[in-house]
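Below is entry_30.cif, which holds mmCIF, C-alpha atoms.
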```cif
data_model
#
loop_
_atom_site.label_atom_id
_atom_site.label_comp_id
_atom_site.auth_asym_id
_atom_site.auth_seq_id
_atom_site.Cartn_x
_atom_site.Cartn_y
_atom_site.Cartn_z
CA MET A 1 67.81 188.92 83.85
CA GLU A 2 68.25 191.72 81.36
CA SER A 3 65.29 193.85 80.51
CA THR A 4 64.86 196.70 78.09
CA SER A 5 62.62 199.73 78.37
CA PRO A 6 61.10 200.54 75.04
CA ARG A 7 60.19 204.17 74.44
CA GLY A 8 56.77 205.63 75.04
CA ALA A 9 54.16 204.16 77.34
CA SER A 10 55.15 200.53 76.72
CA PRO A 11 55.99 198.66 79.91
CA PRO A 12 59.57 197.46 80.40
CA LEU A 13 60.22 194.21 78.62
CA ASP A 14 60.02 191.19 80.90
CA LEU A 15 62.44 188.71 79.40
CA GLN A 16 61.62 186.04 81.95
CA LEU A 17 57.98 186.15 80.93
CA LEU A 18 58.97 186.07 77.28
CA GLU A 19 61.20 183.06 77.93
CA ARG A 20 58.37 181.25 79.72
CA ARG A 21 55.99 181.95 76.86
CA ALA A 22 58.54 180.82 74.31
CA ARG A 23 59.14 177.65 76.30
CA THR A 24 55.41 176.88 76.38
CA ARG A 25 55.19 177.41 72.64
CA TYR A 26 58.25 175.21 72.11
CA GLU A 27 56.67 172.39 74.11
CA LEU A 28 53.32 172.71 72.37
CA VAL A 29 54.82 172.74 68.90
CA ARG A 30 57.04 169.81 69.82
CA ALA A 31 54.06 167.86 71.16
CA GLY A 32 52.07 168.55 68.00
CA ARG A 33 54.93 167.43 65.80
CA SER A 34 55.39 164.29 67.88
CA LEU A 35 51.74 163.34 67.56
CA LEU A 36 51.88 163.97 63.84
CA GLY A 37 55.21 162.18 63.47
CA PHE A 38 53.92 159.04 65.12
CA ALA A 39 50.55 159.09 63.33
CA PRO A 40 51.62 156.36 60.85
CA ALA A 41 51.54 153.95 63.82
CA LEU A 42 47.77 154.36 63.72
CA LEU A 43 47.78 152.67 60.31
CA LEU A 44 49.56 149.73 61.89
CA MET A 45 46.87 149.65 64.57
CA LEU A 46 44.12 149.63 61.93
CA ALA A 47 45.87 146.84 60.04
CA ALA A 48 46.24 144.81 63.25
CA ALA A 49 42.58 145.38 64.10
CA ALA A 50 41.47 144.36 60.62
CA MET A 51 43.62 141.23 60.47
CA GLY A 52 43.60 140.14 64.10
CA ARG A 53 41.06 138.19 66.07
CA ARG A 54 40.43 140.84 68.70
CA PRO A 55 40.07 144.31 67.22
CA SER A 56 39.28 145.79 70.63
CA SER A 57 42.67 144.65 72.00
CA ALA A 58 44.40 146.00 68.90
CA PHE A 59 42.72 149.37 69.48
CA PHE A 60 43.58 149.31 73.19
CA PHE A 61 47.26 148.46 72.74
CA GLY A 62 47.44 150.56 69.57
CA SER A 63 46.23 153.65 71.45
CA LEU A 64 48.74 153.01 74.20
CA LEU A 65 51.43 152.56 71.56
CA PHE A 66 50.48 155.79 69.84
CA PHE A 67 50.63 157.90 72.99
CA SER A 68 53.79 156.20 74.26
CA GLY A 69 55.54 156.71 70.93
CA ALA A 70 54.41 160.34 70.73
CA PHE A 71 55.55 160.89 74.33
CA LEU A 72 59.01 159.47 73.56
CA LEU A 73 59.30 161.66 70.47
CA TRP A 74 58.24 164.68 72.50
CA ARG A 75 60.78 163.95 75.28
CA GLY A 76 63.56 163.67 72.70
CA GLN A 77 67.23 162.84 73.24
CA THR A 78 67.92 159.11 73.75
CA MET A 79 64.24 158.27 74.15
CA HIS A 80 63.37 159.78 70.82
CA ARG A 81 65.90 157.48 69.15
CA ALA A 82 64.15 154.44 70.63
CA VAL A 83 60.91 154.88 68.74
CA LEU A 84 61.75 153.60 65.26
CA PRO A 85 63.90 150.61 66.32
CA GLY A 86 61.25 149.70 68.91
CA LEU A 87 58.48 149.90 66.34
CA LEU A 88 60.42 147.85 63.79
CA ALA A 89 61.30 145.22 66.40
CA GLY A 90 57.66 145.10 67.55
CA ILE A 91 56.46 144.42 64.01
CA ILE A 92 58.21 141.02 64.24
CA PRO A 93 55.97 139.49 66.96
CA LEU A 94 52.97 141.33 65.52
CA THR A 95 53.51 139.72 62.12
CA PHE A 96 54.17 136.33 63.70
CA ALA A 97 50.93 136.57 65.69
CA LEU A 98 48.82 137.76 62.78
CA VAL A 99 50.13 134.95 60.57
CA ALA A 100 49.67 132.40 63.38
CA ASN A 101 46.07 133.51 63.77
CA GLN A 102 45.30 132.22 60.31
CA GLY A 103 45.76 128.56 61.31
CA HIS A 104 45.81 126.08 64.16
CA ALA A 105 47.28 122.69 64.96
CA CYS A 106 45.26 119.57 65.84
CA ALA A 107 46.68 116.51 67.52
CA GLY A 108 44.84 113.66 69.28
CA GLY A 109 41.47 115.30 68.86
CA HIS A 110 42.69 118.46 70.50
CA CYS A 111 43.23 121.67 68.51
CA SER A 112 45.21 124.69 69.58
CA THR A 113 46.19 127.97 68.02
CA TRP A 114 49.76 128.90 67.04
CA CYS A 115 49.34 132.26 68.69
CA LEU A 116 51.21 131.65 71.95
CA PRO A 117 54.32 130.02 70.42
CA ALA A 118 54.37 132.72 67.73
CA CYS A 119 54.24 135.46 70.37
CA ILE A 120 56.98 133.91 72.50
CA THR A 121 59.24 133.42 69.46
CA GLY A 122 58.45 136.92 68.19
CA GLY A 123 59.17 138.33 71.64
CA VAL A 124 62.57 136.62 71.80
CA VAL A 125 63.49 137.94 68.34
CA ALA A 126 62.31 141.46 69.22
CA GLY A 127 64.22 141.42 72.53
CA LEU A 128 67.38 140.29 70.75
CA ALA A 129 66.91 142.91 68.02
CA VAL A 130 66.49 145.81 70.46
CA SER A 131 69.42 144.65 72.58
CA TRP A 132 71.63 144.20 69.53
CA PHE A 133 70.77 147.71 68.35
CA ALA A 134 71.38 149.22 71.80
CA THR A 135 74.79 147.51 72.02
CA LYS A 136 75.75 148.47 68.49
CA ARG A 137 74.97 152.14 69.06
CA GLY A 138 76.22 152.18 72.65
CA LEU A 139 72.88 153.49 73.92
CA ASP A 140 71.86 153.51 77.56
CA TRP A 141 68.98 151.99 79.53
CA ARG A 142 66.63 154.84 78.55
CA PHE A 143 66.86 153.77 74.95
CA TRP A 144 66.29 150.17 75.98
CA ALA A 145 63.26 151.07 78.14
CA GLY A 146 61.69 153.23 75.44
CA ALA A 147 62.31 150.75 72.64
CA SER A 148 61.02 147.88 74.81
CA ALA A 149 57.78 149.74 75.59
CA VAL A 150 57.16 150.54 71.93
CA SER A 151 58.15 147.06 70.82
CA LEU A 152 55.97 145.26 73.37
CA LEU A 153 52.94 147.44 72.70
CA THR A 154 53.32 146.89 68.95
CA GLY A 155 53.54 143.15 69.41
CA ALA A 156 50.69 143.11 71.92
CA MET A 157 48.28 144.36 69.24
CA GLY A 158 48.51 140.91 67.66
CA CYS A 159 49.42 138.81 70.67
CA ALA A 160 46.15 139.40 72.49
CA CYS A 161 44.74 136.76 70.12
CA ILE A 162 44.26 134.26 72.95
CA GLY A 163 43.75 136.81 75.68
CA TYR A 164 46.41 138.13 77.98
CA SER A 165 48.38 134.88 78.01
CA GLY A 166 49.57 135.79 74.51
CA VAL A 167 50.74 139.18 75.77
CA ILE A 168 52.41 137.57 78.79
CA GLY A 169 54.10 135.11 76.42
CA LEU A 170 55.34 138.01 74.34
CA GLY A 171 56.70 139.75 77.44
CA ALA A 172 58.41 136.59 78.67
CA GLY A 173 59.95 135.97 75.26
CA TYR A 174 61.10 139.57 75.08
CA ALA A 175 62.68 139.36 78.53
CA ALA A 176 64.46 136.17 77.54
CA GLY A 177 65.76 137.80 74.36
CA ALA A 178 66.98 140.88 76.22
CA LEU A 179 68.45 138.97 79.17
CA PRO A 180 71.99 138.59 77.77
CA TRP A 181 72.18 142.36 77.16
CA ALA A 182 70.85 143.15 80.64
CA VAL A 183 73.38 140.78 82.25
CA ARG A 184 76.22 142.28 80.23
CA ARG A 185 75.18 145.77 81.28
CA LEU A 186 75.07 144.78 84.93
CA LEU A 187 78.47 143.09 84.76
CA ALA A 188 79.98 146.08 82.99
CA ARG A 189 79.15 148.33 85.99
CA MET B 1 84.30 172.39 58.49
CA ALA B 2 84.55 175.11 61.13
CA GLU B 3 84.13 174.36 64.83
CA PRO B 4 80.49 174.65 65.86
CA SER B 5 79.77 177.80 67.88
CA GLU B 6 78.07 177.82 71.28
CA VAL B 7 74.76 178.75 69.63
CA ASP B 8 75.13 175.84 67.17
CA VAL B 9 75.68 173.41 70.02
CA LEU B 10 72.80 174.78 72.10
CA MET B 11 70.41 174.85 69.16
CA GLY B 12 71.40 171.29 68.25
CA LYS B 13 70.73 170.16 71.80
CA LEU B 14 67.36 171.88 71.90
CA ALA B 15 66.42 170.40 68.53
CA ASP B 16 67.19 167.02 70.10
CA GLY B 17 64.91 167.79 73.05
CA ASP B 18 67.50 168.77 75.66
CA ARG B 19 65.50 171.30 77.69
CA ALA B 20 68.56 172.36 79.67
CA ALA B 21 69.74 174.20 76.55
CA PHE B 22 66.64 176.40 76.43
CA SER B 23 67.59 179.22 78.81
CA PRO B 24 71.22 179.60 77.70
CA LEU B 25 70.08 179.60 74.08
CA PHE B 26 67.41 182.18 74.82
CA ARG B 27 70.02 184.43 76.45
CA ALA B 28 72.48 183.89 73.60
CA LEU B 29 69.94 184.76 70.91
CA TRP B 30 68.07 187.66 72.48
CA THR B 31 70.66 190.40 71.90
CA PRO B 32 71.48 189.49 68.26
CA ALA B 33 67.76 189.15 67.46
CA LEU B 34 66.99 192.51 69.06
CA ARG B 35 69.87 194.12 67.18
CA VAL B 36 68.60 192.81 63.83
CA CYS B 37 65.13 194.12 64.61
CA GLN B 38 66.47 197.51 65.73
CA ARG B 39 68.34 197.79 62.46
CA MET B 40 65.28 196.91 60.40
CA VAL B 41 62.52 198.58 62.44
CA HIS B 42 63.70 201.98 63.56
CA ALA B 43 61.21 202.67 66.35
CA GLU B 44 62.62 201.18 69.56
CA ALA B 45 59.29 199.85 70.86
CA ASP B 46 58.42 198.23 67.53
CA ALA B 47 61.86 196.67 67.33
CA ALA B 48 61.39 195.16 70.79
CA ASP B 49 57.97 193.81 69.77
CA ALA B 50 59.40 192.32 66.60
CA ALA B 51 62.30 190.79 68.53
CA GLN B 52 59.87 189.17 70.96
CA ALA B 53 57.83 187.70 68.13
CA ALA B 54 61.04 186.56 66.49
CA MET B 55 62.25 184.81 69.63
CA MET B 56 58.95 182.96 69.92
CA LYS B 57 59.21 181.85 66.29
CA ILE B 58 62.88 180.83 66.50
CA LEU B 59 62.40 178.74 69.62
CA GLU B 60 59.18 177.09 68.52
CA ARG B 61 60.94 176.09 65.31
CA ALA B 62 64.04 174.79 67.10
CA GLY B 63 63.03 171.23 66.22
CA GLU B 64 63.46 172.07 62.52
CA TYR B 65 67.07 173.16 62.95
CA ASP B 66 69.51 171.35 60.67
CA LYS B 67 72.65 170.62 62.70
CA LYS B 68 74.88 170.76 59.63
CA ARG B 69 74.19 174.46 59.24
CA PRO B 70 75.23 177.36 61.48
CA ALA B 71 72.43 178.24 63.89
CA LEU B 72 72.88 182.00 64.25
CA PRO B 73 72.24 182.95 60.59
CA TRP B 74 69.28 180.57 60.56
CA ALA B 75 67.81 182.15 63.69
CA LEU B 76 68.50 185.70 62.52
CA GLY B 77 66.87 184.90 59.18
CA ILE B 78 63.69 184.08 61.08
CA ALA B 79 64.08 187.29 63.10
CA ALA B 80 64.50 189.36 59.93
CA TRP B 81 61.41 187.74 58.44
CA GLU B 82 59.41 188.59 61.56
CA CYS B 83 60.57 192.22 61.39
CA ARG B 84 59.59 192.36 57.74
CA THR B 85 56.15 190.98 58.59
CA LEU B 86 55.72 193.59 61.33
CA MET B 87 56.76 196.40 59.00
CA LYS B 88 54.29 195.20 56.37
CA ARG B 89 51.53 195.01 58.96
CA GLN B 90 52.26 198.55 60.10
CA GLN B 91 52.27 199.73 56.51
CA ARG B 92 48.84 198.19 55.98
CA LEU B 93 47.60 199.76 59.20
CA LYS B 94 48.92 203.14 58.09
CA GLU B 95 47.14 202.82 54.76
CA THR B 96 43.88 201.97 56.53
CA ALA B 97 44.32 204.90 58.88
CA GLU B 98 45.04 207.39 56.14
CA GLU B 99 41.50 207.26 54.74
CA PRO B 100 39.63 208.64 57.78
CA GLN B 101 42.37 211.24 58.24
CA LEU B 102 41.70 212.63 54.77
CA SER B 103 37.96 212.91 55.32
CA ASP B 104 38.31 214.32 58.86
CA GLY B 105 40.47 217.28 58.08
CA GLY B 106 40.13 218.91 61.49
CA ALA B 107 40.42 215.80 63.68
CA THR B 108 42.61 216.02 66.78
CA ALA B 109 45.47 213.59 67.42
CA ASP B 110 43.34 211.74 70.00
CA GLU B 111 40.51 211.31 67.53
CA VAL B 112 42.86 210.02 64.88
CA GLU B 113 44.39 207.59 67.37
CA GLN B 114 40.96 206.42 68.44
CA LYS B 115 39.94 205.84 64.82
CA LEU B 116 43.16 203.95 64.28
CA LEU B 117 42.40 201.71 67.24
CA VAL B 118 38.81 201.13 66.12
CA SER B 119 40.04 200.27 62.66
CA ALA B 120 42.58 197.83 64.11
CA ALA B 121 39.91 196.28 66.35
CA MET B 122 37.56 195.87 63.39
CA HIS B 123 40.35 194.21 61.44
CA ALA B 124 41.01 191.86 64.36
CA MET B 125 37.29 191.15 64.66
CA GLY B 126 37.18 190.23 60.98
CA GLU B 127 39.58 187.40 61.78
CA LEU B 128 37.19 185.81 64.28
CA SER B 129 34.59 183.15 63.53
CA ALA B 130 31.07 184.20 62.52
CA ALA B 131 29.73 182.99 65.89
CA ASP B 132 32.24 185.10 67.84
CA GLN B 133 31.49 188.12 65.68
CA GLU B 134 27.79 187.64 66.28
CA THR B 135 28.28 187.35 70.06
CA LEU B 136 30.40 190.49 70.23
CA THR B 137 28.02 192.45 68.01
CA ALA B 138 25.06 191.32 70.13
CA THR B 139 26.97 192.36 73.24
CA TYR B 140 27.70 195.76 71.75
CA TRP B 141 24.08 196.40 70.78
CA ASP B 142 22.81 194.61 73.86
CA THR B 143 20.59 192.32 71.79
CA ALA B 144 21.52 188.75 72.65
CA ALA B 145 18.37 186.99 71.49
CA SER B 146 19.54 183.36 71.30
CA ALA B 147 21.01 183.05 74.78
CA GLY B 148 21.00 184.81 78.06
CA GLY B 149 22.47 184.80 81.57
CA ALA B 150 25.46 182.56 82.23
CA THR B 151 25.56 181.09 78.71
CA LEU B 152 25.85 184.49 77.08
CA ARG B 153 28.39 185.61 79.66
CA LYS B 154 30.60 182.59 78.94
CA ARG B 155 30.23 182.96 75.20
CA ARG B 156 31.08 186.66 75.47
CA GLU B 157 34.14 185.99 77.62
CA ARG B 158 35.43 183.42 75.16
CA ALA B 159 34.81 185.69 72.18
CA LEU B 160 36.55 188.59 73.92
CA THR B 161 39.54 186.40 74.78
CA ARG B 162 39.81 185.32 71.16
CA LEU B 163 39.51 188.94 70.02
CA ARG B 164 42.28 189.93 72.40
CA ASP B 165 44.48 187.06 71.16
CA THR B 166 43.86 187.98 67.55
CA PHE B 167 44.61 191.64 68.26
CA ARG B 168 47.83 190.63 69.98
CA ARG B 169 48.77 188.34 67.11
CA LEU B 170 48.07 190.99 64.48
CA TYR B 171 49.51 194.03 66.18
CA GLY B 172 51.74 192.57 68.88
CA ILE B 173 50.10 194.71 71.60
CA ASP B 174 47.33 194.27 74.16
#
```

Can you dump the structure from the file as structure tokens?
Amino acid sequence: MESTSPRGASPPLDLQLLERRARTRYELVRAGRSLLGFAPALLLMLAAAAMGRRPSSAFFFGSLLFFSGAFLLWRGQTMHRAVLPGLLAGIIPLTFALVANQGHACAGGHCSTWCLPACITGGVVAGLAVSWFATKRGLDWRFWAGASAVSLLTGAMGCACIGYSGVIGLGAGYAAGALPWAVRRLLAR
Amino acid sequence: MAEPSEVDVLMGKLADGDRAAFSPLFRALWTPALRVCQRMVHAEADAADAAQAAMMKILERAGEYDKKRPALPWALGIAAWECRTLMKRQQRLKETAEEPQLSDGGATADEVEQKLLVSAAMHAMGELSAADQETLTATYWDTAASAGGATLRKRRERALTRLRDTFRRLYGID
């Protein structure tokens, strides 16, 4: 690589070292901006914790969501485009679950919460929404993976209302919603 | 609209997070940035320092690049700003150095240079936190009352590292 020798006692300029230092700074600045850019997701976490039945689960999944979203923003390219659609799709099951938490159904002396059906339905809708968006924009599996992670973690903040079965229900619903897209992708190969 | 240049494409890719564009972009920008700095800062060594600082700034701000605009003028604008900052800093340093020169009429070049360095170090020290300043002062006068042994050593090392970093940031040299 080119190097210049400035006058006087200064050592010759090491451009490789300069490039490495610039690259480190680029990554650090990018990471900082990603964390800052995804900070509004923390408000969603606080809202889910305040309105949900299990604040600790909301904080757990919310923290995972925050770092996953920031990571995707930091990586950039297709993954960076997955963050907003994933978050918006994830708000669907989250809202469903938070609303379902407010009531329950009783039949034959037995009462049960609406949480699980709400999470499954929300998961299906979120899976369909992400798949529709990926097809519309012609985006690849990386987009789908990133958006799915963000979407599921967002939904999970509310779907942990009846323990992990709610989260599993969300995942199953999501998989069902995304299945047609996955099959189409496989057949297109 | 005109066809995007190679630099536009590379900068756009890097703004998007494509790390593969980093090295080619670095190589494409180095010579124009250095040339701008050489034109603005006449001393060769200072121009190289300014160009280095400019490259760091341009690449760390790559994420802010607006793809609708040409990348080279944007990058060179940052480079020019860095050169201007360096020139201003040198001007300030010169002004600070002039005072002792006037009072020490018969000082040798080495003495003047030493005073210049001390003045620059004091300026850099002024940028540190009160705790770091206290640690370094205590080290200088050998009066570290609040801590001793390994604790003081660690504190001193950290303060010295920060002083070095500040000096580098202010004057672009070690």

* Asked: Hey, can you check how far CA of Cys37 in chain B sits from CA of Ala71 in chain B?
  ->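 Here the two named atoms are 17.5 Å from each other.
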
Please report, as a tab-separated table, each residue of chain B lying at most 8 Å from chain A, together with the nearest pair of atoms and the separation in Å rounded to one decimal; use only C-alpha atoms, and order rows by chain and ascending residue number.
```
residue	atom	partner	partner_atom	distance
B:Asp16	CA	A:Gln77	CA	5.2
B:Gly17	CA	A:Gly76	CA	4.3
B:Asp18	CA	A:Gln77	CA	6.4
B:Phe22	CA	A:Arg23	CA	7.6
B:Ser23	CA	A:Glu19	CA	7.5
B:Phe26	CA	A:Glu19	CA	7.0
B:Glu44	CA	A:Pro6	CA	5.7
B:Ala45	CA	A:Pro6	CA	4.6
B:Ala48	CA	A:Pro6	CA	6.9
B:Gln52	CA	A:Leu18	CA	7.1
B:Met55	CA	A:Ala22	CA	7.2
B:Met56	CA	A:Ala22	CA	4.9
B:Leu59	CA	A:Tyr26	CA	6.0
B:Glu60	CA	A:Tyr26	CA	4.2
B:Arg61	CA	A:Tyr26	CA	7.4
B:Ala62	CA	A:Tyr26	CA	7.7
B:Gly63	CA	A:Arg30	CA	7.1
```

* Can you tell me, as a ChimeraX atom specification, which residues sit within 12 Å of (55.1, 136.2, 71.9) in the file's frame, using all atoms listed in the file? -> /A:90-98,100,114-127,151-177

Listed atoms of range 162-181 of chain A boxed axis-aligned with 5 Å per side, centre + edges as lines of an AutoDock Vina configuration file:
```
center_x = 58.0
center_y = 138.3
center_z = 76.1
size_x = 38.4
size_y = 18.1
size_z = 16.2
```

* Asked: Got a sec to resolve the PyMOL selection byres ((chain B and resi 10) around 8) on this structure and send the residues as a VMD selection string?
  -> chain B and resid 6 to 9 11 to 14 21 to 22 24 to 25

* Asked: How many Å separate CA of Phe67 in chain A from CA of Leu35 in chain A?
  ->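 Computed distance, CA of Phe67 in chain A to CA of Leu35 in chain A, equals 7.8 Å.
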
* Considering all atoms listed in the file, state which residue in the set B:Ile78, B:Ala15, B:Leu29, B:Met87 is at the smallest distance from Asp49 in chain B. =>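 Smallest separation from Asp49 in chain B among the options: B:Met87.
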
* Mind giving me the straight-line distance from CA of Gly77 in chain B to CA of Gly37 in chain A in Å, one decimal? =>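 Interatomic distance, CA of Gly77 in chain B to CA of Gly37 in chain A: 25.9 Å.
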
Please identify all polymer residues within 9 Å of Phe66 in chain A, counting only C-alpha atoms, omitting same-chain residues fewer than 6 positions from it, and present them as a short mmCIF file (atom, residue, chain, number, x, y, z; two decimals) with C-alpha atoms, keeping the file's coordinate frame.
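File selection_26.cif, as written:
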```cif
data_model
loop_
_atom_site.label_atom_id
_atom_site.label_comp_id
_atom_site.auth_asym_id
_atom_site.auth_seq_id
_atom_site.Cartn_x
_atom_site.Cartn_y
_atom_site.Cartn_z
CA LEU A 35 51.74 163.34 67.56
CA PHE A 38 53.92 159.04 65.12
CA ALA A 39 50.55 159.09 63.33
CA ALA A 41 51.54 153.95 63.82
CA LEU A 42 47.77 154.36 63.72
CA MET A 45 46.87 149.65 64.57
CA VAL A 150 57.16 150.54 71.93
#
```
